[in-house]
>>> print(open('entry28.txt').read())   # compact mmCIF, C-alpha atoms
# COMPACT_ATOMS: atom_id res chain seq x y z
CA MET N 29 -2.20 21.71 13.54
CA LYS N 30 0.39 19.37 12.07
CA ILE N 31 0.47 17.47 8.79
CA ALA N 32 2.17 14.07 8.70
CA VAL N 33 2.55 10.87 6.71
CA GLY N 34 3.05 7.31 7.87
CA MET N 35 6.44 5.82 7.02
CA ARG N 36 6.67 2.06 6.56
CA LYS N 37 9.07 1.16 3.77
CA ALA N 38 12.74 1.33 4.69
CA GLU N 39 13.64 2.31 1.14
CA GLN N 40 11.55 5.48 1.56
CA ILE N 41 12.61 6.15 5.14
CA TYR N 42 16.26 6.21 4.10
CA ASP N 43 15.71 7.96 0.76
CA ALA N 44 16.77 11.58 1.30
CA GLU N 45 15.07 12.62 -1.95
CA TYR N 46 11.72 11.17 -0.82
CA LEU N 47 12.01 12.95 2.53
CA ARG N 48 12.83 16.17 0.67
CA PHE N 49 9.73 15.61 -1.48
CA LEU N 50 7.65 15.35 1.71
CA ARG N 51 9.03 18.63 2.98
CA GLN N 52 8.34 20.27 -0.39
CA ILE N 53 4.64 19.35 -0.32
CA GLY N 54 4.26 20.66 3.24
CA VAL N 55 4.71 17.60 5.46
CA THR N 56 6.35 18.44 8.79
CA HIS N 57 5.85 15.27 10.87
CA VAL N 58 6.08 11.52 10.31
CA LEU N 59 4.86 8.33 11.98
CA GLY N 60 6.88 5.15 11.96
CA PHE N 61 4.50 2.36 10.98
CA MET N 62 5.25 -1.01 12.62
CA PRO N 63 9.04 -0.70 12.25
CA ASP N 64 10.84 -4.02 11.89
CA THR N 65 14.54 -4.91 11.83
CA ASP N 66 15.16 -3.07 8.54
CA VAL N 67 14.41 0.17 10.42
CA LEU N 68 15.01 -0.72 14.08
CA PRO N 69 17.49 -3.64 14.31
CA SER N 70 16.61 -4.23 17.96
CA ALA N 71 13.16 -5.45 16.86
CA LYS N 72 14.74 -8.90 16.69
CA ASP N 73 15.01 -8.84 20.50
CA GLY N 74 11.30 -8.41 21.20
CA CYS N 75 11.26 -4.67 21.83
CA TRP N 76 12.65 -1.44 20.34
CA SER N 77 15.79 -0.14 22.01
CA GLU N 78 16.45 3.41 23.17
CA GLU N 79 19.45 3.63 20.85
CA ASP N 80 17.50 2.57 17.76
CA LEU N 81 14.58 4.88 18.49
CA LYS N 82 16.90 7.82 19.10
CA ALA N 83 18.72 7.06 15.85
CA MET N 84 15.39 7.04 13.96
CA VAL N 85 14.36 10.35 15.50
CA LYS N 86 17.76 11.86 14.68
CA HIS N 87 17.51 10.65 11.08
CA TYR N 88 14.17 12.37 10.59
CA ASN N 89 15.34 15.54 12.34
CA GLU N 90 18.40 15.73 10.10
CA ASN N 91 16.03 15.55 7.12
CA GLY N 92 13.82 18.36 8.43
CA LEU N 93 11.01 16.19 9.85
CA VAL N 94 9.66 15.47 13.34
CA CYS N 95 8.84 11.93 14.52
CA GLU N 96 5.36 12.32 16.03
CA ALA N 97 4.52 8.69 16.79
CA VAL N 98 5.10 5.04 16.20
CA GLU N 99 2.06 3.11 15.00
CA ASN N 100 1.45 -0.55 15.82
CA PHE N 101 3.56 -2.95 17.82
CA LEU N 102 4.98 -5.81 15.80
CA PRO N 103 2.50 -8.70 16.26
CA ARG N 104 5.25 -11.10 17.32
CA HIS N 105 6.20 -8.67 20.12
CA TRP N 106 2.81 -8.89 21.86
CA TYR N 107 0.68 -11.69 20.38
CA LYS N 108 0.67 -13.59 23.68
CA ILE N 109 -1.01 -10.56 25.24
CA LEU N 110 -3.58 -10.38 22.44
CA MET N 111 -4.29 -14.11 22.49
CA ASP N 112 -3.97 -14.58 26.29
CA LEU N 113 -1.20 -17.16 26.05
CA PRO N 114 1.44 -18.37 28.51
CA GLY N 115 4.33 -15.93 28.38
CA LYS N 116 2.14 -12.82 28.11
CA GLU N 117 3.72 -11.36 31.25
CA GLN N 118 7.17 -11.60 29.67
CA GLN N 119 5.92 -9.92 26.51
CA LEU N 120 4.29 -7.23 28.64
CA GLU N 121 7.65 -6.47 30.23
CA ALA N 122 9.16 -6.09 26.76
CA VAL N 123 6.34 -3.75 25.70
CA LYS N 124 6.97 -1.71 28.85
CA ARG N 125 10.63 -1.38 27.83
CA THR N 126 9.56 -0.22 24.38
CA ILE N 127 7.31 2.49 25.87
CA ALA N 128 10.02 3.61 28.29
CA ASN N 129 12.52 3.78 25.42
CA MET N 130 10.10 5.82 23.32
CA GLY N 131 9.90 8.30 26.16
CA LYS N 132 13.67 8.56 26.30
CA ALA N 133 13.71 9.14 22.54
CA LYS N 134 11.06 11.90 22.91
CA ILE N 135 8.48 10.12 20.73
CA PRO N 136 5.21 11.29 22.31
CA ILE N 137 2.62 8.80 20.97
CA MET N 138 2.30 5.04 20.53
CA GLY N 139 -0.60 3.99 18.30
CA TYR N 140 -1.94 0.44 18.60
CA ASN N 141 -4.81 -1.80 17.52
CA PHE N 142 -5.88 -4.33 20.17
CA SER N 143 -7.24 -6.98 17.82
CA ALA N 144 -6.87 -10.74 17.53
CA GLY N 145 -7.48 -10.76 13.80
CA GLY N 146 -6.44 -7.29 12.68
CA VAL N 147 -7.75 -5.88 9.40
CA ILE N 148 -9.96 -8.52 7.77
CA GLY N 149 -12.15 -8.82 4.70
CA ARG N 150 -11.09 -5.93 2.49
CA HIS N 151 -11.21 -6.30 -1.29
CA VAL N 152 -9.14 -4.27 -3.75
CA ARG N 153 -10.90 -2.93 -6.84
CA PRO N 154 -11.15 0.23 -9.01
CA LEU N 155 -13.63 1.80 -6.59
CA GLY N 156 -12.63 5.44 -6.74
CA ARG N 157 -13.25 8.33 -9.09
CA GLY N 158 -11.82 7.59 -12.52
CA ASP N 159 -11.37 3.94 -11.48
CA ALA N 160 -8.76 4.78 -8.84
CA VAL N 161 -7.85 1.49 -7.19
CA SER N 162 -8.91 1.41 -3.56
CA VAL N 163 -10.27 -0.99 -0.95
CA GLY N 164 -13.77 -1.80 0.20
CA TYR N 165 -15.67 -4.08 2.52
CA ASP N 166 -18.69 -5.98 1.16
CA PRO N 167 -18.89 -9.55 2.52
CA VAL N 168 -22.04 -10.36 0.54
CA HIS N 169 -20.62 -9.64 -2.90
CA HIS N 170 -16.95 -10.11 -2.01
CA PRO N 171 -16.75 -12.94 0.54
CA PHE N 172 -13.48 -13.59 2.35
CA ASP N 173 -11.89 -16.24 4.53
CA ASN N 174 -13.82 -15.98 7.79
CA SER N 175 -12.55 -19.27 9.23
CA PRO N 176 -11.18 -19.50 12.81
CA ILE N 177 -7.78 -17.90 13.40
CA PRO N 178 -4.90 -20.41 13.17
CA ARG N 179 -2.84 -20.68 16.35
CA SER N 180 0.19 -19.79 14.25
CA MET N 181 -1.23 -16.32 13.59
CA ALA N 182 -2.28 -13.11 15.32
CA TRP N 183 -3.24 -9.72 13.91
CA GLY N 184 -3.08 -11.16 10.40
CA GLN N 185 0.57 -12.24 10.64
CA VAL N 186 2.37 -15.51 11.33
CA VAL N 187 3.84 -15.23 14.82
CA ASP N 188 4.48 -18.89 15.74
CA PRO N 189 5.12 -21.09 12.68
CA GLU N 190 5.26 -24.25 14.80
CA ALA N 191 1.79 -23.83 16.32
CA ARG N 192 -0.97 -26.12 15.06
CA GLY N 193 -4.75 -25.97 15.09
CA VAL N 194 -7.06 -22.99 15.47
CA TYR N 195 -8.20 -20.79 18.34
CA PRO N 196 -11.60 -21.50 19.89
CA PRO N 197 -14.18 -18.70 19.70
CA ILE N 198 -13.22 -15.55 21.61
CA GLY N 199 -16.12 -13.39 22.78
CA ARG N 200 -16.18 -9.59 22.74
CA GLU N 201 -16.26 -9.42 26.53
CA GLU N 202 -13.26 -11.72 26.78
CA MET N 203 -11.32 -9.49 24.37
CA ARG N 204 -12.39 -6.43 26.39
CA GLN N 205 -11.01 -8.06 29.54
CA ARG N 206 -7.71 -8.73 27.75
CA LEU N 207 -7.54 -5.10 26.61
CA TYR N 208 -8.25 -3.80 30.11
CA TRP N 209 -5.70 -6.21 31.61
CA PHE N 210 -3.13 -4.69 29.25
CA LEU N 211 -4.14 -1.08 29.89
CA GLU N 212 -4.12 -1.46 33.66
CA ARG N 213 -0.48 -2.52 33.50
CA ILE N 214 0.89 -0.41 30.66
CA LEU N 215 -0.71 3.00 31.28
CA PRO N 216 1.34 3.76 34.42
CA VAL N 217 4.46 3.14 32.32
CA CYS N 218 3.09 5.49 29.65
CA ALA N 219 2.56 8.18 32.28
CA ASP N 220 6.11 7.79 33.58
CA ALA N 221 7.50 7.93 30.04
CA ASN N 222 5.16 10.76 28.90
CA VAL N 223 3.97 8.65 25.96
CA ARG N 224 0.27 8.71 25.03
CA LEU N 225 -1.23 5.33 24.12
CA ALA N 226 -3.65 5.73 21.20
CA ALA N 227 -6.14 2.95 20.35
CA HIS N 228 -7.23 2.50 16.73
CA PRO N 229 -10.78 1.21 16.22
CA GLU N 230 -11.33 -2.20 14.68
CA ASP N 231 -11.19 -2.15 10.88
CA PRO N 232 -13.83 -3.10 9.83
CA PRO N 233 -15.85 -2.03 12.90
CA VAL N 234 -17.95 -5.17 13.30
CA PRO N 235 -18.57 -7.23 16.48
CA GLU N 236 -16.86 -10.45 15.37
CA LEU N 237 -14.68 -11.81 12.58
CA ARG N 238 -12.91 -15.15 12.25
CA GLY N 239 -14.41 -16.28 15.55
CA ALA N 240 -12.86 -13.42 17.54
CA GLY N 241 -14.73 -10.58 19.21
CA ARG N 242 -13.74 -7.03 18.28
CA VAL N 243 -13.93 -4.49 21.09
CA LEU N 244 -13.53 -0.90 19.90
CA ILE N 245 -16.25 -0.65 17.28
CA SER N 246 -18.30 2.36 18.49
CA PRO N 247 -17.87 5.68 20.30
CA GLN N 248 -19.58 4.07 23.29
CA ASP N 249 -16.79 1.48 23.53
CA TYR N 250 -14.27 4.31 23.76
CA ASP N 251 -16.37 6.15 26.36
CA GLU N 252 -16.43 2.99 28.45
CA MET N 253 -12.64 2.59 28.13
CA PHE N 254 -12.03 6.22 29.05
CA THR N 255 -14.30 5.89 32.08
CA ALA N 256 -12.36 2.83 33.21
CA PHE N 257 -9.03 4.57 32.53
CA PRO N 258 -9.43 8.33 33.07
CA THR N 259 -5.70 9.04 32.65
CA PRO N 260 -4.94 11.43 29.76
CA TYR N 261 -2.45 8.85 28.49
CA CYS N 262 -5.36 6.64 27.36
CA CYS N 263 -6.39 8.07 23.98
CA VAL N 264 -7.99 7.34 20.63
CA GLU N 265 -6.12 7.08 17.38
CA PHE N 266 -9.01 8.72 15.58
CA CYS N 267 -9.38 6.94 12.26
CA GLN N 268 -12.00 9.16 10.68
CA GLY N 269 -12.76 6.61 7.99
CA THR N 270 -13.44 3.80 10.46
CA PHE N 271 -15.63 6.00 12.67
CA THR N 272 -17.59 7.04 9.58
CA GLU N 273 -18.03 3.37 8.67
CA MET N 274 -19.69 2.84 12.07
CA GLY N 275 -22.64 4.93 10.84
CA VAL N 276 -22.28 7.58 13.57
CA ASP N 277 -22.49 11.36 13.23
CA VAL N 278 -18.80 11.75 12.55
CA TYR N 279 -18.73 15.53 13.14
CA GLU N 280 -20.37 15.15 16.54
CA THR N 281 -18.03 12.28 17.39
CA ILE N 282 -14.97 14.36 16.44
CA GLU N 283 -16.06 17.19 18.74
CA HIS N 284 -16.95 14.74 21.50
CA PHE N 285 -13.47 13.24 21.74
CA ALA N 286 -11.53 16.36 20.75
CA SER N 287 -13.16 18.41 23.51
CA GLN N 288 -12.03 15.78 26.04
CA GLY N 289 -8.44 15.95 24.79
CA ARG N 290 -8.65 12.27 23.93
CA ILE N 291 -7.54 12.38 20.26
CA ALA N 292 -3.83 11.64 20.00
CA TYR N 293 -3.72 11.90 16.21
CA VAL N 294 -6.05 11.58 13.23
CA HIS N 295 -6.16 9.30 10.20
CA LEU N 296 -7.86 11.76 7.85
CA ARG N 297 -9.57 9.31 5.51
CA ASN N 298 -12.80 9.54 3.52
CA VAL N 299 -15.21 6.70 2.75
CA ARG N 300 -18.50 6.04 1.02
CA GLY N 301 -21.06 3.90 2.83
CA THR N 302 -21.16 2.26 6.24
CA VAL N 303 -21.02 -1.27 7.65
CA PRO N 304 -21.90 -3.74 6.20
CA SER N 305 -20.78 -2.29 2.85
CA TYR N 306 -18.42 0.62 2.23
CA ASP N 307 -15.58 1.80 0.00
CA GLU N 308 -12.55 3.91 0.83
CA THR N 309 -12.24 6.89 -1.50
CA LEU N 310 -9.99 9.73 -2.50
CA ILE N 311 -9.88 12.26 0.31
CA ASP N 312 -12.33 14.67 -1.38
CA ASP N 313 -14.71 12.08 -2.84
CA GLY N 314 -16.51 10.32 0.02
CA ASP N 315 -19.51 10.91 2.27
CA VAL N 316 -17.64 13.14 4.72
CA ASN N 317 -17.57 16.89 4.16
CA MET N 318 -13.90 17.32 4.95
CA ALA N 319 -14.19 21.06 5.56
CA GLN N 320 -16.92 20.43 8.13
CA ALA N 321 -14.76 17.72 9.71
CA LEU N 322 -11.73 20.02 10.01
CA LEU N 323 -13.88 22.69 11.62
CA ALA N 324 -15.18 20.10 14.10
CA TYR N 325 -11.61 19.26 15.13
CA GLN N 326 -10.87 22.96 15.56
CA LYS N 327 -14.07 23.59 17.53
CA GLY N 328 -13.22 20.70 19.84
CA GLY N 329 -9.80 22.20 20.55
CA TYR N 330 -7.74 19.60 18.72
CA GLU N 331 -4.22 20.81 17.91
CA GLY N 332 -2.57 17.55 16.86
CA THR N 333 -1.61 15.78 13.68
CA PHE N 334 -3.52 14.86 10.50
CA ILE N 335 -2.31 11.81 8.57
CA PRO N 336 -3.96 10.81 5.27
CA ASP N 337 -3.86 7.02 5.00
CA HIS N 338 -4.92 4.12 2.77
CA TYR N 339 -4.22 6.21 -0.30
CA PRO N 340 -6.11 5.06 -3.42
CA GLU N 341 -3.76 4.31 -6.31
CA LEU N 342 -3.69 6.97 -9.01
CA ALA N 343 -2.83 6.31 -12.65
CA SER N 344 0.50 8.09 -12.58
CA ALA N 345 4.07 7.25 -13.43
CA GLN N 346 4.96 8.98 -10.16
CA GLY N 347 3.28 6.20 -8.16
CA SER N 348 3.00 6.95 -4.45
CA HIS N 349 4.35 10.48 -4.93
CA ALA N 350 1.20 11.49 -6.82
CA THR N 351 -1.37 10.18 -4.35
CA VAL N 352 0.54 11.50 -1.33
CA ALA N 353 0.95 14.93 -2.91
CA TYR N 354 -2.74 15.03 -3.88
CA SER N 355 -3.89 14.21 -0.34
CA ILE N 356 -1.47 16.55 1.42
CA GLY N 357 -2.22 19.39 -1.00
CA TYR N 358 -5.96 18.98 -0.45
CA ILE N 359 -5.58 19.04 3.34
CA ARG N 360 -3.32 22.09 3.28
CA GLY N 361 -5.63 23.91 0.90
CA LEU N 362 -8.64 23.29 3.12
CA MET N 363 -6.77 24.37 6.24
CA LYS N 364 -5.66 27.62 4.63
CA ALA N 365 -9.15 28.31 3.29
CA LEU N 366 -10.63 27.72 6.75
CA ASP N 367 -7.94 29.75 8.54
CA ILE N 368 -6.82 26.71 10.53
CA PRO N 369 -3.23 27.25 11.68
CA ILE N 370 -0.62 24.95 10.16
CA TRP N 371 2.33 24.04 12.36
CA GLY N 372 5.47 25.99 11.49
CA GLU N 373 3.70 28.59 9.32
>>> encode(input="entry28.txt", output="structure tokens")
Amino acid sequence: MKIAVGMRKAEQIYDAEYLRFLRQIGVTHVLGFMPDTDVLPSAKDGCWSEEDLKAMVKHYNENGLVCEAVENFLPRHWYKILMDLPGKEQQLEAVKRTIANMGKAKIPIMGYNFSAGGVIGRHVRPLGRGDAVSVGYDPVHHPFDNSPIPRSMAWGQVVDPEARGVYPPIGREEMRQRLYWFLERILPVCADANVRLAAHPEDPPVPELRGAGRVLISPQDYDEMFTAFPTPYCCVEFCQGTFTEMGVDVYETIEHFASQGRIAYVHLRNVRGTVPSYDETLIDDGDVNMAQALLAYQKGGYEGTFIPDHYPELASAQGSHATVAYSIGYIRGLMKALDIPIWGE
């Protein structure tokens, strides 16, 4: 199996010393997280070009890393699809070009989150061991803005500054229809490009927030999607933390999707608690037995990538280096102890 990190900040992406640090701690693969014009200049044109994607892949390769996926379309590139607005067909054509260009650049996975509101309601506090700063969800004790979504926004970002007013309520079934409309049209392009489309569950996994229904909030929602779209290019971006927050048997759920070949890649996160109140923790300090989870992936036949994400902040002068190294070292140690093969070793 492969070990990766998500890359978002341009100053890290183009820092050869940081990339060397990643190689030193055992990272072999990377994911580009929602790359904007500071990473892919063509983002200004509504899609990512073949030339820019190939240049990004080449940059990582030259620094000893493999680009495994891109995670999340820029909201302004597809908000009319999410919000069912005039012009969604034009945005769909641009998304199709992005997928085709990813195929030409040999990037095998596109992760996405089909959500009107995106990540909502998290609070940041010293929730972890030794007061490590992390995020939690607890709307009773830490209320948040749950007002209707402004028409200027989608997926938590401003996408149309001139728009006024708010969106009317959007039901779960309506959002499901929008998702299926998108999948029906984009999955054939994914098949032609040999790019797997990996859906992240809603974070938090609750039925409705800010007046908008949230579709992928249970394993059953994924089973329904996979029944409707049996192509192997329709996959889950398996966020272990979010599935745990659903209150399901996470080990059984891992095996269920892994055995179907439906897991494109894994966010290997630990949490404490379930909806309606939970905290994200250090990777070894939550409710999930991570050794048992890794064995469930192996038993299900998963051979893909593990990505620790939402790192709690550690009290260290080394900043992100410390928390990344801690998480990667823990994963590698567990894999070696369990005799789980590590890519390239």
>>> atom_distance(input="entry28.txt", atom1="CA of Glu121 in chain N", atom2="CA of Lys108 in chain N")
11.9 Å
>>> residues_around(input="entry28.txt", residues="Val243 in chain N", least_positions_apart="4", cutoff="9 Å", atoms="all atoms listed in the file", output="PyMOL selection string")
chain N and resi 142-143+200-201+203-204+207+229-230+233-236+249
>>> write_last_selection(input="entry28.txt", atoms="C-alpha atoms", output="PDB file, in the coordinates of the input")
ATOM      1  CA  PHE N 142      -5.880  -4.330  20.170  1.00  0.00           C
ATOM      2  CA  SER N 143      -7.240  -6.980  17.820  1.00  0.00           C
ATOM      3  CA  ARG N 200     -16.180  -9.590  22.740  1.00  0.00           C
ATOM      4  CA  GLU N 201     -16.260  -9.420  26.530  1.00  0.00           C
ATOM      5  CA  MET N 203     -11.320  -9.490  24.370  1.00  0.00           C
ATOM      6  CA  ARG N 204     -12.390  -6.430  26.390  1.00  0.00           C
ATOM      7  CA  LEU N 207      -7.540  -5.100  26.610  1.00  0.00           C
ATOM      8  CA  PRO N 229     -10.780   1.210  16.220  1.00  0.00           C
ATOM      9  CA  GLU N 230     -11.330  -2.200  14.680  1.00  0.00           C
ATOM     10  CA  PRO N 233     -15.850  -2.030  12.900  1.00  0.00           C
ATOM     11  CA  VAL N 234     -17.950  -5.170  13.300  1.00  0.00           C
ATOM     12  CA  PRO N 235     -18.570  -7.230  16.480  1.00  0.00           C
ATOM     13  CA  GLU N 236     -16.860 -10.450  15.370  1.00  0.00           C
ATOM     14  CA  ASP N 249     -16.790   1.480  23.530  1.00  0.00           C
TER      15      ASP N 249
END
>>> residues_around(input="entry28.txt", residues="Val217 in chain N", least_positions_apart="3", cutoff="9 Å", atoms="all atoms listed in the file", output="PyMOL selection string")
chain N and resi 124-125+127-128+213-214+220-223
>>> residues_around(input="entry28.txt", residues="Glu341 in chain N", least_positions_apart="5", cutoff="12 Å", atoms="all atoms listed in the file", output="list in words")
Val152, Arg153, Pro154, Leu155, Gly156, Arg157, Gly158, Asp159, Ala160, Val161, Ser162, Val163, Glu308, Thr309, Leu310, Gln346, Gly347, Ser348, His349, Ala350, Thr351, Val352, Tyr354 and Ser355 of chain N
>>> write_last_selection(input="entry28.txt", atoms="C-alpha atoms", output="short mmCIF file (atom, residue, chain, number, x, y, z; two decimals), in the frame of the given file")
data_model
loop_
_atom_site.label_atom_id
_atom_site.label_comp_id
_atom_site.auth_asym_id
_atom_site.auth_seq_id
_atom_site.Cartn_x
_atom_site.Cartn_y
_atom_site.Cartn_z
CA VAL N 152 -9.14 -4.27 -3.75
CA ARG N 153 -10.90 -2.93 -6.84
CA PRO N 154 -11.15 0.23 -9.01
CA LEU N 155 -13.63 1.80 -6.59
CA GLY N 156 -12.63 5.44 -6.74
CA ARG N 157 -13.25 8.33 -9.09
CA GLY N 158 -11.82 7.59 -12.52
CA ASP N 159 -11.37 3.94 -11.48
CA ALA N 160 -8.76 4.78 -8.84
CA VAL N 161 -7.85 1.49 -7.19
CA SER N 162 -8.91 1.41 -3.56
CA VAL N 163 -10.27 -0.99 -0.95
CA GLU N 308 -12.55 3.91 0.83
CA THR N 309 -12.24 6.89 -1.50
CA LEU N 310 -9.99 9.73 -2.50
CA GLN N 346 4.96 8.98 -10.16
CA GLY N 347 3.28 6.20 -8.16
CA SER N 348 3.00 6.95 -4.45
CA HIS N 349 4.35 10.48 -4.93
CA ALA N 350 1.20 11.49 -6.82
CA THR N 351 -1.37 10.18 -4.35
CA VAL N 352 0.54 11.50 -1.33
CA TYR N 354 -2.74 15.03 -3.88
CA SER N 355 -3.89 14.21 -0.34
#
>>> atom_distance(input="entry28.txt", atom1="CA of Asp277 in chain N", atom2="CA of Gln248 in chain N")
12.8 Å
>>> axis_aligned_box(input="entry28.txt", around="range 99-114 of chain N", padding_each_side="6 Å", output="lines of an AutoDock Vina configuration file")
center_x = 1.0
center_y = -7.6
center_z = 21.8
size_x = 22.5
size_y = 33.5
size_z = 25.5
>>> residues_around(input="entry28.txt", residues="Gly193 in chain N", least_positions_apart="2", cutoff="10 Å", atoms="all atoms listed in the file", output="PDB file with C-alpha atoms, in the coordinates of the input")
ATOM      1  CA  PRO N 176     -11.180 -19.500  12.810  1.00  0.00           C
ATOM      2  CA  ILE N 177      -7.780 -17.900  13.400  1.00  0.00           C
ATOM      3  CA  PRO N 178      -4.900 -20.410  13.170  1.00  0.00           C
ATOM      4  CA  ARG N 179      -2.840 -20.680  16.350  1.00  0.00           C
ATOM      5  CA  SER N 180       0.190 -19.790  14.250  1.00  0.00           C
ATOM      6  CA  ALA N 191       1.790 -23.830  16.320  1.00  0.00           C
ATOM      7  CA  TYR N 195      -8.200 -20.790  18.340  1.00  0.00           C
ATOM      8  CA  PRO N 196     -11.600 -21.500  19.890  1.00  0.00           C
TER       9      PRO N 196
END
